[in-house]
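Raw entry-v6.txt, compact mmCIF, C-alpha atoms (C1' of nucleotides):
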# COMPACT_ATOMS: atom_id res chain seq x y z
CA MET A 1 36.49 -12.58 -9.50
CA GLY A 2 35.08 -14.10 -6.31
CA ARG A 3 32.39 -16.65 -5.76
CA THR A 4 29.42 -17.06 -8.06
CA PRO A 5 26.10 -16.08 -6.53
CA SER A 6 23.87 -18.87 -5.32
CA ILE A 7 20.95 -17.02 -6.83
CA ASP A 8 20.91 -15.28 -10.17
CA ASP A 9 20.35 -11.52 -9.99
CA GLU A 10 17.28 -11.79 -12.17
CA VAL A 11 15.42 -14.36 -10.09
CA LEU A 12 16.55 -12.68 -6.88
CA LEU A 13 15.02 -9.39 -8.01
CA ARG A 14 11.88 -11.16 -9.07
CA HIS A 15 11.48 -12.64 -5.59
CA LEU A 16 12.22 -9.33 -3.88
CA GLY A 17 9.86 -7.56 -6.23
CA GLU A 18 7.02 -9.89 -5.35
CA VAL A 19 7.46 -9.09 -1.66
CA PHE A 20 7.48 -5.36 -2.29
CA ARG A 21 4.41 -5.67 -4.48
CA HIS A 22 2.50 -7.80 -1.96
CA PHE A 23 3.45 -5.89 1.19
CA GLY A 24 4.32 -2.37 0.05
CA TYR A 25 7.64 -0.71 0.80
CA GLU A 26 7.30 -0.47 4.57
CA GLY A 27 5.56 -3.80 4.90
CA ALA A 28 8.38 -5.56 3.07
CA SER A 29 10.48 -6.53 6.08
CA LEU A 30 14.00 -7.83 5.72
CA THR A 31 12.73 -11.08 7.18
CA ALA A 32 10.09 -11.38 4.46
CA LEU A 33 12.59 -10.42 1.78
CA SER A 34 15.05 -12.95 3.18
CA THR A 35 12.49 -15.74 3.32
CA ALA A 36 11.23 -15.10 -0.19
CA SER A 37 14.70 -14.99 -1.70
CA GLY A 38 16.24 -17.81 0.32
CA LEU A 39 19.16 -15.55 1.25
CA HIS A 40 19.91 -14.56 4.83
CA ARG A 41 19.63 -10.92 5.73
CA ALA A 42 23.38 -10.37 5.82
CA SER A 43 23.67 -11.82 2.31
CA LEU A 44 21.07 -9.37 1.06
CA TYR A 45 23.14 -6.55 2.50
CA HIS A 46 26.19 -7.90 0.69
CA ARG A 47 24.29 -7.75 -2.59
CA PHE A 48 22.70 -4.40 -1.78
CA PRO A 49 25.11 -2.33 0.32
CA SER A 50 22.63 0.51 0.59
CA GLY A 51 20.12 -1.77 2.30
CA LYS A 52 16.40 -1.87 1.82
CA PRO A 53 16.19 1.36 -0.18
CA GLY A 54 18.80 -0.09 -2.51
CA MET A 55 16.80 -3.30 -2.87
CA ALA A 56 13.69 -1.31 -3.72
CA MET A 57 15.57 0.76 -6.29
CA ALA A 58 17.07 -2.37 -7.85
CA VAL A 59 13.60 -3.88 -8.04
CA LEU A 60 12.30 -0.77 -9.78
CA GLU A 61 15.22 -0.90 -12.21
CA SER A 62 14.41 -4.51 -13.00
CA VAL A 63 10.76 -3.60 -13.47
CA GLU A 64 11.81 -0.85 -15.87
CA GLN A 65 13.79 -3.43 -17.78
CA ALA A 66 10.79 -5.75 -17.85
CA PHE A 67 8.73 -2.89 -19.23
CA GLY A 68 11.27 -2.49 -21.99
CA THR A 69 10.11 -5.90 -23.18
CA ILE A 70 6.46 -5.33 -22.37
CA LEU A 71 6.32 -2.10 -24.36
CA ALA A 72 8.47 -3.29 -27.26
CA PRO A 73 5.49 -4.37 -29.42
CA LEU A 74 4.20 -0.79 -29.39
CA THR A 75 7.09 0.35 -31.58
CA SER A 76 6.84 -2.58 -33.97
CA GLU A 77 5.64 -2.53 -37.56
CA ASP A 78 2.36 -4.16 -36.57
CA ALA A 79 -0.96 -2.38 -36.74
CA PRO A 80 -1.57 -0.37 -33.53
CA SER A 81 -4.42 -2.58 -32.33
CA VAL A 82 -2.34 -5.70 -32.86
CA ALA A 83 0.61 -4.10 -31.09
CA VAL A 84 -1.53 -3.12 -28.11
CA ALA A 85 -3.03 -6.59 -27.90
CA GLU A 86 0.46 -8.06 -27.64
CA MET A 87 1.42 -5.50 -25.01
CA ALA A 88 -1.73 -6.43 -23.07
CA ARG A 89 -0.73 -10.09 -23.21
CA ARG A 90 2.69 -9.28 -21.77
CA VAL A 91 1.20 -7.01 -19.12
CA GLY A 92 -1.01 -9.92 -18.07
CA THR A 93 1.99 -12.17 -17.63
CA PHE A 94 3.90 -9.52 -15.69
CA TYR A 95 1.04 -9.10 -13.22
CA ALA A 96 0.55 -12.86 -12.93
CA ASP A 97 -2.92 -12.47 -14.44
CA GLY A 98 -3.93 -10.02 -11.74
CA ARG A 99 -2.57 -11.82 -8.70
CA LEU A 100 0.35 -9.42 -8.27
CA ALA A 101 -0.13 -5.77 -7.38
CA CYS A 102 1.63 -2.96 -9.19
CA VAL A 103 4.77 -1.31 -7.83
CA LEU A 104 3.28 2.01 -8.90
CA ASP A 105 0.58 1.39 -6.32
CA THR A 106 2.33 -0.36 -3.47
CA MET A 107 5.69 1.41 -3.54
CA THR A 108 4.36 4.97 -3.70
CA LEU A 109 2.67 5.04 -0.32
CA ARG A 110 4.07 7.51 2.17
CA GLY A 111 6.96 6.04 4.10
CA ALA A 112 8.81 4.90 1.01
CA PRO A 113 12.00 6.90 0.35
CA ASP A 114 11.58 9.80 -2.05
CA GLU A 115 13.97 8.29 -4.57
CA VAL A 116 11.78 5.20 -4.70
CA ARG A 117 8.59 7.18 -5.20
CA ASP A 118 10.25 9.39 -7.82
CA ARG A 119 11.52 6.40 -9.73
CA ALA A 120 8.07 4.85 -9.70
CA ALA A 121 6.63 8.08 -11.05
CA ARG A 122 9.20 8.03 -13.84
CA LEU A 123 8.20 4.49 -14.72
CA ALA A 124 4.59 5.59 -14.95
CA THR A 125 5.57 8.41 -17.29
CA THR A 126 7.52 6.04 -19.50
CA TRP A 127 4.53 3.75 -19.76
CA LEU A 128 2.14 6.62 -20.45
CA THR A 129 4.39 8.02 -23.18
CA ALA A 130 4.66 4.66 -24.94
CA MET A 131 0.89 4.20 -24.87
CA ALA A 132 0.25 7.75 -26.05
CA ASP A 133 2.66 7.21 -28.95
CA VAL A 134 0.79 4.16 -30.19
CA ALA A 135 -2.51 6.03 -29.85
CA ARG A 136 -1.08 8.80 -32.03
CA ARG A 137 0.03 6.18 -34.55
CA ALA A 138 -3.59 5.01 -34.56
CA GLY A 139 -4.67 8.47 -35.62
CA ALA A 140 -5.43 10.30 -32.38
CA SER A 141 -4.44 13.92 -31.81
CA ALA A 142 -1.74 14.58 -29.23
CA PRO A 143 -4.10 15.57 -26.41
CA GLU A 144 -6.50 12.75 -27.27
CA ALA A 145 -3.62 10.27 -27.30
CA ALA A 146 -2.47 11.48 -23.87
CA ARG A 147 -6.03 11.17 -22.59
CA ARG A 148 -6.34 7.61 -23.86
CA ALA A 149 -3.02 6.62 -22.33
CA ARG A 150 -4.02 7.92 -18.93
CA ALA A 151 -7.38 6.19 -19.21
CA ALA A 152 -5.60 2.93 -19.99
CA LEU A 153 -3.29 3.27 -17.00
CA VAL A 154 -6.20 4.17 -14.72
CA HIS A 155 -8.09 1.11 -15.95
CA ILE A 156 -5.18 -1.25 -15.35
CA GLU A 157 -4.29 0.09 -11.91
CA GLY A 158 -7.90 0.17 -10.80
CA SER A 159 -8.56 -3.34 -11.98
CA LEU A 160 -5.54 -4.59 -10.03
CA VAL A 161 -6.82 -2.95 -6.85
CA VAL A 162 -10.31 -4.35 -7.32
CA ALA A 163 -8.92 -7.77 -8.21
CA ARG A 164 -6.97 -7.80 -4.97
CA VAL A 165 -9.79 -6.48 -2.81
CA LEU A 166 -12.37 -8.91 -4.16
CA ASP A 167 -9.78 -11.68 -4.49
CA ASP A 168 -10.95 -12.22 -8.06
CA PRO A 169 -8.69 -11.45 -11.02
CA ALA A 170 -11.57 -11.34 -13.50
CA GLU A 171 -11.69 -7.55 -13.57
CA PHE A 172 -8.03 -7.40 -14.53
CA GLN A 173 -8.61 -9.64 -17.53
CA LEU A 174 -11.44 -7.39 -18.66
CA ALA A 175 -9.13 -4.38 -18.41
CA LEU A 176 -6.56 -6.10 -20.60
CA ASP A 177 -9.19 -7.05 -23.17
CA ALA A 178 -10.36 -3.44 -23.33
CA LEU A 179 -6.90 -2.00 -23.91
CA PRO A 180 -6.81 -2.09 -27.73
CA GLY A 181 -10.16 -0.33 -27.90
CA THR A 182 -9.16 2.26 -25.31
CA LEU A 183 -5.88 3.16 -26.98
CA THR A 184 -6.59 2.81 -30.69
CA GLY A 185 -10.22 3.92 -30.65
CA MET B 1 -19.25 8.04 33.67
CA GLY B 2 -15.56 8.92 33.75
CA ARG B 3 -13.79 11.75 32.07
CA THR B 4 -14.85 13.18 28.74
CA PRO B 5 -12.44 12.50 25.89
CA SER B 6 -10.16 15.34 24.83
CA ILE B 7 -10.85 14.39 21.24
CA ASP B 8 -14.20 13.41 19.82
CA ASP B 9 -14.36 9.86 18.48
CA GLU B 10 -15.33 11.07 15.05
CA VAL B 11 -12.41 13.45 14.53
CA LEU B 12 -10.03 10.96 16.17
CA LEU B 13 -11.01 8.28 13.67
CA ARG B 14 -10.72 10.76 10.84
CA HIS B 15 -7.14 11.53 11.82
CA LEU B 16 -6.25 7.87 12.28
CA GLY B 17 -7.89 7.04 8.98
CA GLU B 18 -5.78 9.58 7.14
CA VAL B 19 -2.62 7.98 8.47
CA PHE B 20 -3.74 4.49 7.44
CA ARG B 21 -4.70 5.77 4.01
CA HIS B 22 -1.41 7.60 3.48
CA PHE B 23 0.92 4.91 4.85
CA GLY B 24 -0.95 1.64 4.53
CA TYR B 25 -1.62 -0.68 7.46
CA GLU B 26 1.96 -1.66 8.23
CA GLY B 27 3.37 1.76 7.46
CA ALA B 28 0.97 3.40 9.91
CA SER B 29 3.22 3.40 12.99
CA LEU B 30 1.85 4.14 16.45
CA THR B 31 4.09 7.20 16.47
CA ALA B 32 2.51 8.49 13.27
CA LEU B 33 -0.97 7.69 14.56
CA SER B 34 -0.15 9.42 17.82
CA THR B 35 1.24 12.53 16.13
CA ALA B 36 -1.69 12.83 13.75
CA SER B 37 -4.27 12.43 16.50
CA GLY B 38 -2.53 14.48 19.17
CA LEU B 39 -2.96 11.63 21.65
CA HIS B 40 -0.02 9.83 23.19
CA ARG B 41 0.44 6.19 22.34
CA ALA B 42 -0.77 4.97 25.72
CA SER B 43 -3.95 7.01 25.29
CA LEU B 44 -4.59 5.35 21.95
CA TYR B 45 -4.31 1.98 23.64
CA HIS B 46 -6.79 3.11 26.23
CA ARG B 47 -9.29 3.98 23.50
CA PHE B 48 -8.47 0.87 21.48
CA PRO B 49 -7.56 -1.96 23.88
CA SER B 50 -6.90 -4.34 21.00
CA GLY B 51 -4.18 -2.07 19.70
CA LYS B 52 -3.39 -1.23 16.12
CA PRO B 53 -5.67 -3.90 14.61
CA GLY B 54 -8.48 -2.44 16.70
CA MET B 55 -7.71 1.04 15.46
CA ALA B 56 -7.76 -0.17 11.88
CA MET B 57 -11.08 -1.92 12.41
CA ALA B 58 -12.57 1.17 14.04
CA VAL B 59 -11.36 3.25 11.11
CA LEU B 60 -13.01 0.86 8.68
CA GLU B 61 -16.23 1.03 10.71
CA SER B 62 -16.15 4.81 10.54
CA VAL B 63 -15.50 4.64 6.81
CA GLU B 64 -18.52 2.36 6.45
CA GLN B 65 -20.54 4.94 8.31
CA ALA B 66 -19.24 7.68 6.06
CA PHE B 67 -20.30 5.60 3.10
CA GLY B 68 -23.78 5.43 4.53
CA THR B 69 -23.96 9.15 3.90
CA ILE B 70 -22.06 9.04 0.62
CA LEU B 71 -24.38 6.41 -0.83
CA ALA B 72 -27.60 7.85 0.58
CA PRO B 73 -28.44 9.87 -2.56
CA LEU B 74 -28.56 6.64 -4.57
CA THR B 75 -31.75 5.55 -2.80
CA SER B 76 -33.41 8.96 -3.03
CA GLU B 77 -36.35 9.91 -5.22
CA ASP B 78 -34.08 11.80 -7.61
CA ALA B 79 -33.42 10.66 -11.14
CA PRO B 80 -30.56 8.13 -11.22
CA SER B 81 -28.14 10.45 -13.03
CA VAL B 82 -28.82 13.22 -10.53
CA ALA B 83 -28.42 10.79 -7.64
CA VAL B 84 -25.11 9.54 -8.98
CA ALA B 85 -23.85 13.08 -9.52
CA GLU B 86 -24.52 13.85 -5.88
CA MET B 87 -22.80 10.63 -4.79
CA ALA B 88 -19.80 11.62 -6.94
CA ARG B 89 -19.68 14.99 -5.21
CA ARG B 90 -19.63 13.32 -1.81
CA VAL B 91 -17.02 10.80 -2.93
CA GLY B 92 -14.85 13.72 -4.02
CA THR B 93 -15.07 15.27 -0.60
CA PHE B 94 -14.33 11.99 1.14
CA TYR B 95 -11.16 11.50 -0.89
CA ALA B 96 -10.13 15.14 -0.40
CA ASP B 97 -10.43 15.68 -4.16
CA GLY B 98 -7.98 12.88 -4.86
CA ARG B 99 -5.32 13.71 -2.29
CA LEU B 100 -6.30 10.84 0.01
CA ALA B 101 -5.89 7.23 -1.00
CA CYS B 102 -8.60 4.62 -0.53
CA VAL B 103 -8.63 2.24 2.40
CA LEU B 104 -9.65 -0.48 -0.05
CA ASP B 105 -6.24 -0.03 -1.64
CA THR B 106 -3.91 0.76 1.23
CA MET B 107 -5.37 -1.49 3.91
CA THR B 108 -5.64 -4.64 1.83
CA LEU B 109 -1.93 -5.18 1.25
CA ARG B 110 -0.48 -8.31 2.72
CA GLY B 111 0.61 -7.79 6.30
CA ALA B 112 -2.70 -6.33 7.36
CA PRO B 113 -4.68 -8.64 9.67
CA ASP B 114 -7.20 -10.84 7.90
CA GLU B 115 -10.12 -9.25 9.72
CA VAL B 116 -9.05 -5.87 8.34
CA ARG B 117 -8.74 -7.13 4.80
CA ASP B 118 -12.06 -8.97 5.07
CA ARG B 119 -13.82 -5.89 6.36
CA ALA B 120 -12.41 -3.83 3.50
CA ALA B 121 -13.70 -6.40 1.05
CA ARG B 122 -17.15 -6.16 2.63
CA LEU B 123 -17.08 -2.40 2.25
CA ALA B 124 -16.27 -2.80 -1.43
CA THR B 125 -19.22 -5.14 -1.83
CA THR B 126 -21.56 -2.69 -0.13
CA TRP B 127 -20.44 0.06 -2.46
CA LEU B 128 -20.74 -2.15 -5.53
CA THR B 129 -24.25 -3.24 -4.57
CA ALA B 130 -25.45 0.32 -4.07
CA MET B 131 -24.07 1.39 -7.44
CA ALA B 132 -25.51 -1.65 -9.19
CA ASP B 133 -28.91 -0.88 -7.68
CA VAL B 134 -28.96 2.63 -9.09
CA ALA B 135 -27.85 1.30 -12.47
CA ARG B 136 -30.82 -1.09 -12.41
CA ARG B 137 -33.08 1.79 -11.53
CA ALA B 138 -31.71 3.52 -14.63
CA GLY B 139 -32.89 0.61 -16.73
CA ALA B 140 -29.92 -1.75 -16.89
CA SER B 141 -30.32 -5.52 -16.64
CA ALA B 142 -28.93 -7.17 -13.53
CA PRO B 143 -25.68 -8.39 -15.12
CA GLU B 144 -25.23 -5.09 -16.96
CA ALA B 145 -25.80 -3.16 -13.73
CA ALA B 146 -23.20 -5.28 -11.95
CA ARG B 147 -20.77 -4.70 -14.80
CA ARG B 148 -21.28 -0.93 -14.65
CA ALA B 149 -20.79 -0.87 -10.88
CA ARG B 150 -17.51 -2.73 -11.10
CA ALA B 151 -16.36 -0.44 -13.92
CA ALA B 152 -17.16 2.58 -11.77
CA LEU B 153 -15.20 1.20 -8.81
CA VAL B 154 -12.25 0.30 -11.04
CA HIS B 155 -12.28 3.81 -12.46
CA ILE B 156 -12.31 5.48 -9.06
CA GLU B 157 -9.62 3.27 -7.53
CA GLY B 158 -7.40 3.53 -10.58
CA SER B 159 -7.71 7.28 -10.75
CA LEU B 160 -6.71 7.55 -7.08
CA VAL B 161 -3.59 5.47 -7.71
CA VAL B 162 -2.63 7.49 -10.79
CA ALA B 163 -3.37 10.74 -9.00
CA ARG B 164 -0.99 9.72 -6.21
CA VAL B 165 1.75 8.43 -8.51
CA LEU B 166 1.74 11.49 -10.76
CA ASP B 167 1.02 13.81 -7.83
CA ASP B 168 -1.83 15.31 -9.82
CA PRO B 169 -5.46 14.87 -8.74
CA ALA B 170 -6.84 15.80 -12.17
CA GLU B 171 -7.47 12.20 -13.15
CA PHE B 172 -9.61 11.67 -10.07
CA GLN B 173 -11.85 14.58 -10.98
CA LEU B 174 -12.31 13.12 -14.46
CA ALA B 175 -13.33 9.82 -12.93
CA LEU B 176 -15.95 11.54 -10.79
CA ASP B 177 -17.30 13.45 -13.76
CA ALA B 178 -17.64 10.22 -15.71
CA LEU B 179 -19.58 8.40 -12.98
CA PRO B 180 -23.15 9.34 -14.00
CA GLY B 181 -22.46 8.23 -17.56
CA THR B 182 -20.81 5.00 -16.47
CA LEU B 183 -23.59 3.98 -14.11
CA THR B 184 -26.76 5.24 -15.77
CA GLY B 185 -25.74 4.74 -19.39
C1' DG C 1 -8.97 9.80 29.98
C1' DT C 2 -4.32 11.18 29.43
C1' DC C 3 0.09 11.25 30.75
C1' DT C 4 5.38 9.57 31.74
C1' DA C 5 8.04 5.69 31.96
C1' DT C 6 9.18 1.18 30.70
C1' DA C 7 8.93 -3.53 28.95
C1' DT C 8 9.22 -6.53 24.81
C1' DT C 9 9.56 -7.60 20.19
C1' DT C 10 10.68 -6.77 15.58
C1' DG C 11 13.15 -4.42 11.98
C1' DG C 12 17.27 -2.57 9.79
C1' DA C 13 22.05 -3.02 9.61
C1' DT C 14 27.28 -4.75 10.66
C1' DA C 15 31.33 -7.72 11.93
C1' DG C 16 33.81 -11.42 11.10
C1' DA C 17 34.23 -16.63 10.33
C1' DC C 18 34.03 -19.84 6.52
C1' DG D 1 29.18 -14.91 -1.54
C1' DT D 2 26.89 -16.76 2.36
C1' DC D 3 26.66 -17.68 6.90
C1' DT D 4 26.15 -17.04 12.43
C1' DA D 5 26.12 -13.76 15.85
C1' DT D 6 25.31 -9.31 17.33
C1' DC D 7 24.18 -4.29 17.65
C1' DC D 8 21.08 -0.50 17.59
C1' DA D 9 16.89 1.81 16.65
C1' DA D 10 12.06 1.70 16.07
C1' DA D 11 7.72 -0.43 16.72
C1' DT D 12 4.03 -2.49 19.56
C1' DA D 13 2.33 -2.78 23.92
C1' DT D 14 1.76 -2.26 29.20
C1' DA D 15 2.04 -0.23 34.20
C1' DG D 16 0.93 3.07 37.12
C1' DA D 17 0.78 8.12 38.45
C1' DC D 18 -2.30 12.07 37.93

Mind turning this structure into structure tokens?
Amino acid sequence: MGRTPSIDDEVLLRHLGEVFRHFGYEGASLTALSTASGLHRASLYHRFPSGKPGMAMAVLESVEQAFGTILAPLTSEDAPSVAVAEMARRVGTFYADGRLACVLDTMTLRGAPDEVRDRAARLATTWLTAMADVARRAGASAPEAARRARAALVHIEGSLVVARVLDDPAEFQLALDALPGTLTG
Amino acid sequence: MGRTPSIDDEVLLRHLGEVFRHFGYEGASLTALSTASGLHRASLYHRFPSGKPGMAMAVLESVEQAFGTILAPLTSEDAPSVAVAEMARRVGTFYADGRLACVLDTMTLRGAPDEVRDRAARLATTWLTAMADVARRAGASAPEAARRARAALVHIEGSLVVARVLDDPAEFQLALDALPGTLTG
DNA sequence: GTCTATATTTGGATAGAC
DNA sequence: GTCTATCCAAATATAGAC
């Protein structure tokens, strides 16, 4: 069975994810990843035999898992606006109230491996589909629901960029507050 | 007087800017900058003695200049909605209809020198102020004008991120079309 | 001003001891 | 599973010829 890891997979991926989100794929050096996780470079390679691309993919997988939880309220029995409000709350936690960038933004710059960019795109699609579904449940037509979902994603991503640039997370909070209205009309 | 440059400063900075916007600050390698500009690395260092940070700063300066032109319609005699529509058209050209990311996004990731990130923040403020001014001219109160300007910036930045992630510039065009309404009410 | 050539540092990745 | 030590490639940067 071997030795037990000194750091749990979940917290390790959280630390690595923060580096990727702060620095982007290329900016996330092994040194930075090592420092943030407390593991030496060689240990990271033991955990991720395919190296930095593997770390990025594992981070994206863990983010997908996190989104499983974040999006869960959308398929609950609650009224759509209530469901979206709960999703917004969880989104806020995931982005540390606007202090953490989005992997969709920082890991899709050129230079990142194609598999990483593709996986990020898939994550975006998953998110969009879940938001469109709740918009439909709120009475929107299919094209209108898709439109609202994209508008919601645009609002969130844009607010994260502006929050980072201005070093003020206020705009992100406004985006979260607007989500129920945007999606459920 | 020395020799005349083989590449005009303006087109050189445009090429360098595209690399920074595609790859981010850290991802923009000297090799990539050299390839895109057609100048060898040593020649780039001759033009920019302070190296890559200097290139990034020069790019931001040139972007600020470009924004001088982009924002010029906002202070024209035209009706605010007409002025904003013309600004939107110029913004569309500057972002290559959504195929080019924004320096505010890609050059403000951690790893970029502080002076670069600070300069990007200043550019954002300039843009916000110009948009708030035209919103005021359209009859909005000061706080409402500021709110509209931030909403416009959030919309543009978010649409650029989504356009890149989904590899579909449609969302960016929608954001441009919405600008007059967002700013002038 | 641009080039070829080279120095120096950092980044990604492995080998092998514990 | 983690560590120290090391390798190799790539990145930033400089020197000097043309």

Residues of chain D that have any atom at most 12 Å from an atom of segment 43-58 of chain B: could you tabulate them with the shortest-distance atom pair and the distance in Å to one decimal, using all atoms listed in the file, ordered by chain and increasing number, as a Markdown table?
| residue | atom | partner | partner_atom | distance |
| --- | --- | --- | --- | --- |
| D:DA11 | C1' | B:Lys52 | CA | 11.2 |
| D:DT12 | C1' | B:Gly51 | CA | 8.2 |
| D:DA13 | C1' | B:Gly51 | CA | 7.8 |
| D:DT14 | C1' | B:Tyr45 | CA | 9.3 |

Go ahead and dump the residues you just picked, C-alpha atoms (C1' of nucleotides), as a short mmCIF file (atom, residue, chain, number, x, y, z; two decimals), in the coordinates of the input.
data_model
loop_
_atom_site.label_atom_id
_atom_site.label_comp_id
_atom_site.auth_asym_id
_atom_site.auth_seq_id
_atom_site.Cartn_x
_atom_site.Cartn_y
_atom_site.Cartn_z
"C1'" DA D 11 7.72 -0.43 16.72
"C1'" DT D 12 4.03 -2.49 19.56
"C1'" DA D 13 2.33 -2.78 23.92
"C1'" DT D 14 1.76 -2.26 29.20
#

Return as JSON, numbers by chain the residues belonging to chain D that are within 12 Å of chain A, counting only C-alpha atoms (C1' of nucleotides). {"D": [1, 2, 3, 4, 5, 6]}

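Going from atom CA of Leu71 of chain A to atom CA of Trp127 of chain A covers 7.7 Å.
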
Distance query Leu160 of chain A at most 9 Å, only C-alpha atoms (C1' of nucleotides), self and fewer than 3 positions along chain excluded, as a PyMOL selection string: (chain A and resi 95+98-102+155-157+163-165+169+171-172) or (chain B and resi 154+158)

How would the residues just picked look written out with C-alpha atoms as a compact mmCIF listing (two decimals), in the coordinates of the input?
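Saved as again-v3.txt:
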# COMPACT_ATOMS: atom_id res chain seq x y z
CA TYR A 95 1.04 -9.10 -13.22
CA GLY A 98 -3.93 -10.02 -11.74
CA ARG A 99 -2.57 -11.82 -8.70
CA LEU A 100 0.35 -9.42 -8.27
CA ALA A 101 -0.13 -5.77 -7.38
CA CYS A 102 1.63 -2.96 -9.19
CA HIS A 155 -8.09 1.11 -15.95
CA ILE A 156 -5.18 -1.25 -15.35
CA GLU A 157 -4.29 0.09 -11.91
CA ALA A 163 -8.92 -7.77 -8.21
CA ARG A 164 -6.97 -7.80 -4.97
CA VAL A 165 -9.79 -6.48 -2.81
CA PRO A 169 -8.69 -11.45 -11.02
CA GLU A 171 -11.69 -7.55 -13.57
CA PHE A 172 -8.03 -7.40 -14.53
CA VAL B 154 -12.25 0.30 -11.04
CA GLY B 158 -7.40 3.53 -10.58

Just give me the gap between atom CA of Phe67 of chain B and atom CA of Thr129 of chain B in Å, one decimal is fine. 12.4 Å

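The list of chain C residues within 9 Å of chain B is DG1, DT2 and DC3 of chain C; this uses only C-alpha atoms (C1' of nucleotides).
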
Keeping only C-alpha atoms (C1' of nucleotides), write the selected residues to a file as a PDB file, keeping the file's coordinate frame.
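This is the output file again-v8.pdb:
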ATOM      1  C1'  DG C   1      -8.970   9.800  29.980  1.00  0.00           C
ATOM      2  C1'  DT C   2      -4.320  11.180  29.430  1.00  0.00           C
ATOM      3  C1'  DC C   3       0.090  11.250  30.750  1.00  0.00           C
TER       4       DC C   3
END

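Take atom CA of Leu74 of chain B and atom CA of Ala135 of chain B: the distance between them is 9.6 Å.
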
Select all residues from chain B having any atom no more than 8 Å from an atom of chain A (counting all atoms listed in the file, ignoring ligands), output as a ChimeraX atom specification. /B:22-24,26-27,104-106,108-111,117,120-121,124,150,153-159,161-162,164-166,171

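Remark: residues at most 8 Å from position (-16.0, 12.5, 5.2) in file coordinates are Arg14, Ala66, Arg90, Thr93, Phe94 and Tyr95 of chain B, using only C-alpha atoms (C1' of nucleotides).
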
Might you pull out every residue within 8 Å of Ala85 of chain A, with all atoms listed in the file counted and same-chain residues fewer than 3 positions away left off, and present them as a CSV table (one decimal) with C-alpha atoms, in the coordinates of the input?
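As a result, out_37.csv now contains:
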chain,number,residue,atom,x,y,z
A,81,SER,CA,-4.4,-2.6,-32.3
A,82,VAL,CA,-2.3,-5.7,-32.9
A,88,ALA,CA,-1.7,-6.4,-23.1
A,89,ARG,CA,-0.7,-10.1,-23.2
A,177,ASP,CA,-9.2,-7.0,-23.2
A,179,LEU,CA,-6.9,-2.0,-23.9
A,180,PRO,CA,-6.8,-2.1,-27.7
